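Input: a single structure, listed below in structure tokens.
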Amino acid sequence: MFKTQLSESRTAGELNPSKFMDRHIGAIAALILISLLSSLSGTPFDHTISNAWEAFVWGLADPVISLNCLVGIVAIGLLSSVFVRGAAIAGCFVLATVLGIVIHIFQLDLPGTEIAIAISTIVFGTMLMMPNQLNFLVLALVGISAGLFQGYANAESIVSAGTISIVAYILGIALTLFAVAMSAREIGVGMGMGEINRTLPWKISLAGFALCAIGIVFLSNSLI
């Protein structure tokens, strides 16, 4: 009887991580769906913020309603799972995004924002298709660059907001970025991206191809 209970507990322990990863996948899929629906329904990306509560809510929402930004966050999370200390890469991305917001608030010029974001999406997609060739420092630098431009683009709506509203917005956007990036990292770990000798799951290859396609579309729109 004791052996039976022990076996059942081990089985449950093996299933729990799988269920946990499924929840992460479901959450990411829901966010991508929200982003697509926002684009199709014409949700206003250019918005004004009048108080701290609105700033916090828009901070939570802005990384999600922009598909080009959202897929970049998901990509950096997936790619960070290749490294044992990859969470630091995701953390650098979040900090760089906050720095990009600050740069915009102080009205410093960061040209070619949309083009840079689209190019970073293409780079992330290419990296996803060949994770065995990844370099920690290179990925960190690309993540920091992408974060700077994404933060700069997201800060358009709070340039004229008050100090409290700006702080609330930064808090909201940091929470969303961290949650999405860490969820994507857990998905990557669950799929074995950190196991260099293992065959790359076809889902990751497909995700990389999709990111490249999204990046190319946004780059084309930016250049037109």
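Residues are named by chain letter and number: chains run A, B, ... in the order of the structure tokens, numbers start at 1 in each chain, and ligands are numbered from 1 in the order shown.
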Report as a short mmCIF file (atom, residue, chain, number, x, y, z; two decimals) with all heavy atoms, in the first residue's frame all protein, DNA and RNA residues lying within 10 Å of segment 69-71 of chain A, evaluated on only C-alpha atoms, omitting residues in the same chain fewer than 2 positions from it.
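And here's result18.cif as it stands now:
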```
data_model
loop_
_atom_site.label_atom_id
_atom_site.label_comp_id
_atom_site.auth_asym_id
_atom_site.auth_seq_id
_atom_site.Cartn_x
_atom_site.Cartn_y
_atom_site.Cartn_z
N ILE A 28 0.11 32.88 -22.32
CA ILE A 28 0.79 33.56 -23.43
C ILE A 28 -0.12 33.59 -24.66
O ILE A 28 -0.22 34.62 -25.35
CB ILE A 28 2.11 32.86 -23.77
CG1 ILE A 28 3.10 32.96 -22.60
CG2 ILE A 28 2.72 33.45 -25.04
CD1 ILE A 28 3.57 34.33 -22.28
N LEU A 31 -2.74 36.26 -24.28
CA LEU A 31 -2.20 37.60 -24.48
C LEU A 31 -2.01 37.91 -25.96
O LEU A 31 -2.30 39.02 -26.41
CB LEU A 31 -0.87 37.74 -23.74
CG LEU A 31 -0.93 37.76 -22.21
CD1 LEU A 31 0.47 37.83 -21.62
CD2 LEU A 31 -1.77 38.93 -21.71
N ILE A 32 -1.51 36.92 -26.70
CA ILE A 32 -1.33 37.11 -28.14
C ILE A 32 -2.68 37.32 -28.83
O ILE A 32 -2.82 38.17 -29.73
CB ILE A 32 -0.59 35.91 -28.76
CG1 ILE A 32 0.86 35.87 -28.24
CG2 ILE A 32 -0.60 35.99 -30.29
CD1 ILE A 32 1.64 34.66 -28.69
N SER A 35 -3.80 40.79 -28.17
CA SER A 35 -3.05 41.72 -29.00
C SER A 35 -3.58 41.75 -30.43
O SER A 35 -3.73 42.82 -31.03
CB SER A 35 -1.57 41.32 -28.99
OG SER A 35 -0.79 42.25 -29.69
N ASP A 62 -0.08 48.24 -22.25
CA ASP A 62 0.68 48.64 -23.43
C ASP A 62 1.57 47.53 -24.02
O ASP A 62 1.62 47.37 -25.24
CB ASP A 62 1.53 49.88 -23.11
CG ASP A 62 0.74 51.17 -23.32
OD1 ASP A 62 -0.37 51.10 -23.89
OD2 ASP A 62 1.22 52.23 -22.90
N PRO A 63 2.30 46.76 -23.21
CA PRO A 63 3.12 45.70 -23.81
C PRO A 63 2.31 44.60 -24.46
O PRO A 63 2.83 43.83 -25.27
CB PRO A 63 3.91 45.15 -22.60
CG PRO A 63 3.84 46.22 -21.58
CD PRO A 63 2.51 46.86 -21.76
N VAL A 64 1.03 44.50 -24.11
CA VAL A 64 0.17 43.42 -24.60
C VAL A 64 -0.55 43.81 -25.88
O VAL A 64 -0.69 42.99 -26.80
CB VAL A 64 -0.85 43.00 -23.52
CG1 VAL A 64 -1.81 41.95 -24.06
CG2 VAL A 64 -0.12 42.46 -22.29
N ILE A 65 -1.03 45.06 -25.97
CA ILE A 65 -1.85 45.44 -27.11
C ILE A 65 -1.02 45.71 -28.37
O ILE A 65 -1.57 45.79 -29.46
CB ILE A 65 -2.72 46.68 -26.80
CG1 ILE A 65 -1.84 47.89 -26.45
CG2 ILE A 65 -3.69 46.38 -25.68
CD1 ILE A 65 -2.64 49.17 -26.21
N SER A 66 0.30 45.85 -28.21
CA SER A 66 1.17 46.01 -29.37
C SER A 66 1.80 44.67 -29.70
O SER A 66 2.67 44.19 -28.97
CB SER A 66 2.25 47.06 -29.08
OG SER A 66 3.15 47.16 -30.15
N LEU A 67 1.37 44.04 -30.79
CA LEU A 67 1.82 42.69 -31.13
C LEU A 67 3.33 42.63 -31.35
O LEU A 67 3.99 41.69 -30.90
CB LEU A 67 1.09 42.21 -32.39
CG LEU A 67 1.45 40.79 -32.88
CD1 LEU A 67 1.10 39.77 -31.80
CD2 LEU A 67 0.72 40.48 -34.17
N ILE A 73 8.88 40.31 -26.26
CA ILE A 73 8.96 39.92 -24.85
C ILE A 73 8.93 38.40 -24.71
O ILE A 73 9.71 37.80 -23.96
CB ILE A 73 7.80 40.54 -24.05
CG1 ILE A 73 7.78 42.05 -24.19
CG2 ILE A 73 7.91 40.16 -22.57
CD1 ILE A 73 6.49 42.70 -23.75
N VAL A 74 8.02 37.76 -25.45
CA VAL A 74 7.93 36.30 -25.42
C VAL A 74 9.22 35.67 -25.92
O VAL A 74 9.73 34.71 -25.34
CB VAL A 74 6.73 35.82 -26.28
CG1 VAL A 74 6.72 34.29 -26.38
CG2 VAL A 74 5.42 36.31 -25.68
N ALA A 75 9.78 36.25 -26.98
CA ALA A 75 11.01 35.71 -27.55
C ALA A 75 12.18 35.80 -26.57
O ALA A 75 12.94 34.84 -26.42
CB ALA A 75 11.35 36.46 -28.84
N ILE A 76 12.33 36.93 -25.90
CA ILE A 76 13.45 37.08 -24.97
C ILE A 76 13.31 36.11 -23.81
O ILE A 76 14.29 35.59 -23.29
CB ILE A 76 13.56 38.55 -24.46
CG1 ILE A 76 14.96 38.81 -23.89
CG2 ILE A 76 12.52 38.86 -23.43
CD1 ILE A 76 16.04 38.89 -24.89
N GLY A 77 12.06 35.83 -23.41
CA GLY A 77 11.84 34.85 -22.36
C GLY A 77 12.21 33.44 -22.80
O GLY A 77 12.87 32.70 -22.07
N GLU A 114 10.39 52.32 -34.53
CA GLU A 114 9.59 51.23 -35.08
C GLU A 114 10.43 50.28 -35.92
O GLU A 114 10.25 49.05 -35.88
CB GLU A 114 8.44 51.80 -35.93
CG GLU A 114 7.44 52.65 -35.14
CD GLU A 114 6.76 51.85 -34.04
OE1 GLU A 114 6.53 50.64 -34.24
OE2 GLU A 114 6.45 52.44 -32.98
N ILE A 117 12.53 48.09 -33.55
CA ILE A 117 11.73 47.05 -32.89
C ILE A 117 11.45 45.91 -33.86
O ILE A 117 11.54 44.72 -33.49
CB ILE A 117 10.41 47.65 -32.36
CG1 ILE A 117 10.69 48.64 -31.23
CG2 ILE A 117 9.48 46.54 -31.86
CD1 ILE A 117 9.47 49.38 -30.74
N ALA A 118 11.11 46.24 -35.10
CA ALA A 118 10.84 45.21 -36.11
C ALA A 118 12.09 44.37 -36.39
O ALA A 118 12.02 43.14 -36.48
CB ALA A 118 10.33 45.86 -37.39
N SER A 120 14.62 43.88 -34.37
CA SER A 120 14.91 43.05 -33.20
C SER A 120 14.00 41.82 -33.16
O SER A 120 14.43 40.73 -32.75
CB SER A 120 14.76 43.85 -31.91
OG SER A 120 13.41 44.24 -31.70
N THR A 121 12.76 41.98 -33.62
CA THR A 121 11.85 40.83 -33.69
C THR A 121 12.36 39.79 -34.67
O THR A 121 12.32 38.59 -34.40
CB THR A 121 10.43 41.29 -34.09
OG1 THR A 121 9.95 42.25 -33.14
CG2 THR A 121 9.47 40.12 -34.15
N PHE A 124 15.31 38.05 -33.06
CA PHE A 124 14.86 37.09 -32.06
C PHE A 124 14.33 35.81 -32.71
O PHE A 124 14.59 34.70 -32.25
CB PHE A 124 13.76 37.70 -31.18
CG PHE A 124 14.27 38.69 -30.17
CD1 PHE A 124 13.52 39.82 -29.85
CD2 PHE A 124 15.47 38.48 -29.53
CE1 PHE A 124 13.98 40.73 -28.90
CE2 PHE A 124 15.94 39.39 -28.58
CZ PHE A 124 15.19 40.52 -28.27
N GLY A 125 13.56 35.99 -33.79
CA GLY A 125 13.02 34.83 -34.49
C GLY A 125 14.12 33.96 -35.06
O GLY A 125 14.06 32.72 -34.98
N ALA A 146 16.60 46.02 -27.75
CA ALA A 146 15.17 45.91 -28.02
C ALA A 146 14.36 46.57 -26.91
O ALA A 146 13.36 47.26 -27.16
CB ALA A 146 14.77 44.44 -28.16
N GLY A 147 14.78 46.36 -25.66
CA GLY A 147 14.08 46.96 -24.53
C GLY A 147 14.10 48.47 -24.57
O GLY A 147 13.08 49.13 -24.29
N PHE A 149 14.28 50.50 -27.17
CA PHE A 149 13.38 51.01 -28.21
C PHE A 149 11.91 50.75 -27.86
O PHE A 149 11.05 51.59 -28.15
CB PHE A 149 13.73 50.40 -29.56
CG PHE A 149 14.96 50.99 -30.18
CD1 PHE A 149 16.19 50.35 -30.13
CD2 PHE A 149 14.90 52.23 -30.81
CE1 PHE A 149 17.32 50.90 -30.70
CE2 PHE A 149 16.03 52.80 -31.40
CZ PHE A 149 17.25 52.14 -31.33
N GLN A 150 11.62 49.60 -27.25
CA GLN A 150 10.24 49.32 -26.87
C GLN A 150 9.77 50.28 -25.78
O GLN A 150 8.64 50.77 -25.80
CB GLN A 150 10.10 47.87 -26.42
CG GLN A 150 10.21 46.88 -27.57
CD GLN A 150 9.73 45.49 -27.19
OE1 GLN A 150 9.00 45.32 -26.23
NE2 GLN A 150 10.13 44.50 -27.96
N GLY A 151 10.64 50.53 -24.80
CA GLY A 151 10.28 51.47 -23.75
C GLY A 151 10.06 52.87 -24.29
O GLY A 151 9.13 53.57 -23.91
N ALA A 153 9.11 53.66 -27.32
CA ALA A 153 7.85 53.69 -28.07
C ALA A 153 6.64 53.70 -27.14
O ALA A 153 5.67 54.43 -27.38
CB ALA A 153 7.78 52.49 -29.01
N ASN A 154 6.70 52.94 -26.05
CA ASN A 154 5.55 52.84 -25.13
C ASN A 154 5.34 54.13 -24.34
O ASN A 154 4.23 54.41 -23.88
CB ASN A 154 5.75 51.69 -24.16
CG ASN A 154 5.58 50.33 -24.80
OD1 ASN A 154 4.83 50.19 -25.77
ND2 ASN A 154 6.27 49.33 -24.30
N LEU A 177 5.91 43.05 -18.19
CA LEU A 177 7.10 42.54 -18.87
C LEU A 177 7.71 41.37 -18.12
O LEU A 177 8.06 40.34 -18.72
CB LEU A 177 8.14 43.66 -19.01
CG LEU A 177 7.83 44.80 -19.97
CD1 LEU A 177 8.89 45.88 -19.87
CD2 LEU A 177 7.72 44.30 -21.41
N VAL A 180 5.35 38.17 -18.30
CA VAL A 180 5.34 37.53 -19.62
C VAL A 180 6.68 36.87 -19.91
O VAL A 180 6.75 35.73 -20.37
CB VAL A 180 4.99 38.56 -20.72
CG1 VAL A 180 5.11 37.91 -22.10
CG2 VAL A 180 3.57 39.08 -20.52
N ALA A 181 7.77 37.59 -19.65
CA ALA A 181 9.11 37.05 -19.93
C ALA A 181 9.38 35.80 -19.10
O ALA A 181 9.91 34.80 -19.61
CB ALA A 181 10.17 38.11 -19.66
N ALA A 207 7.69 28.89 -33.85
CA ALA A 207 7.59 30.19 -33.20
C ALA A 207 8.64 31.15 -33.75
O ALA A 207 8.35 32.33 -33.99
CB ALA A 207 7.76 30.04 -31.69
N ALA A 210 7.51 32.30 -37.13
CA ALA A 210 6.40 33.24 -36.99
C ALA A 210 6.90 34.62 -36.58
O ALA A 210 6.43 35.65 -37.09
CB ALA A 210 5.39 32.71 -35.97
N LEU A 211 7.88 34.66 -35.67
CA LEU A 211 8.45 35.94 -35.24
C LEU A 211 9.14 36.65 -36.40
O LEU A 211 8.98 37.87 -36.55
CB LEU A 211 9.44 35.71 -34.10
CG LEU A 211 8.93 36.09 -32.70
CD1 LEU A 211 7.83 35.12 -32.28
CD2 LEU A 211 10.04 36.07 -31.69
N ILE A 214 6.40 38.12 -38.57
CA ILE A 214 5.79 39.30 -37.94
C ILE A 214 6.73 40.50 -38.04
O ILE A 214 6.33 41.62 -38.37
CB ILE A 214 5.44 39.01 -36.47
CG1 ILE A 214 4.29 37.99 -36.39
CG2 ILE A 214 5.05 40.30 -35.73
CD1 ILE A 214 4.01 37.49 -34.99
N GLY A 215 8.02 40.25 -37.77
CA GLY A 215 9.00 41.32 -37.85
C GLY A 215 9.12 41.90 -39.25
O GLY A 215 9.22 43.12 -39.43
#
```
ask   = What's the 9 Å shell around Leu95 of chain A, counting only C-alpha atoms, without same-chain residues fewer than 4 positions away, as a ChimeraX atom specification?
value = /A:90-91,99-100,144,147-148,174
Segment 155-168 of chain A surroundings by only C-alpha atoms, 8 Å radius, close-in-sequence under 5 positions cut, as a list in words =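 In the requested format, the answer is Asp46, His47, Thr48, Ile49, Ser50, Asn51, Ala52, Trp53, Glu54, Ala55, Phe56, Gly59, Gly100, Ile101, His104, Ile105 and Gln107 of chain A.
The spacing separating atom CA of Val94 of chain A from atom CA of Thr126 of chain A amounts to 21.2 Å.
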request  = Assign secondary structure with DSSP using the backbone only, and return the residues of segment 61-180 of chain A in alpha helix (DSSP H) as JSON, numbers by chain.
outcome  = {"A": [61, 62, 63, 64, 65, 67, 68, 69, 70, 71, 72, 73, 74, 75, 76, 77, 78, 79, 80, 87, 88, 89, 90, 91, 92, 93, 94, 95, 96, 97, 98, 99, 100, 101, 102, 103, 104, 105, 113, 114, 115, 116, 117, 118, 119, 120, 121, 122, 123, 124, 125, 126, 127, 128, 136, 137, 138, 139, 140, 141, 142, 143, 144, 145, 146, 147, 148, 149, 150, 151, 152, 153, 154, 163, 164, 165, 166, 167, 168, 169, 170, 171, 172, 173, 174, 175, 176, 177, 178, 179, 180]}
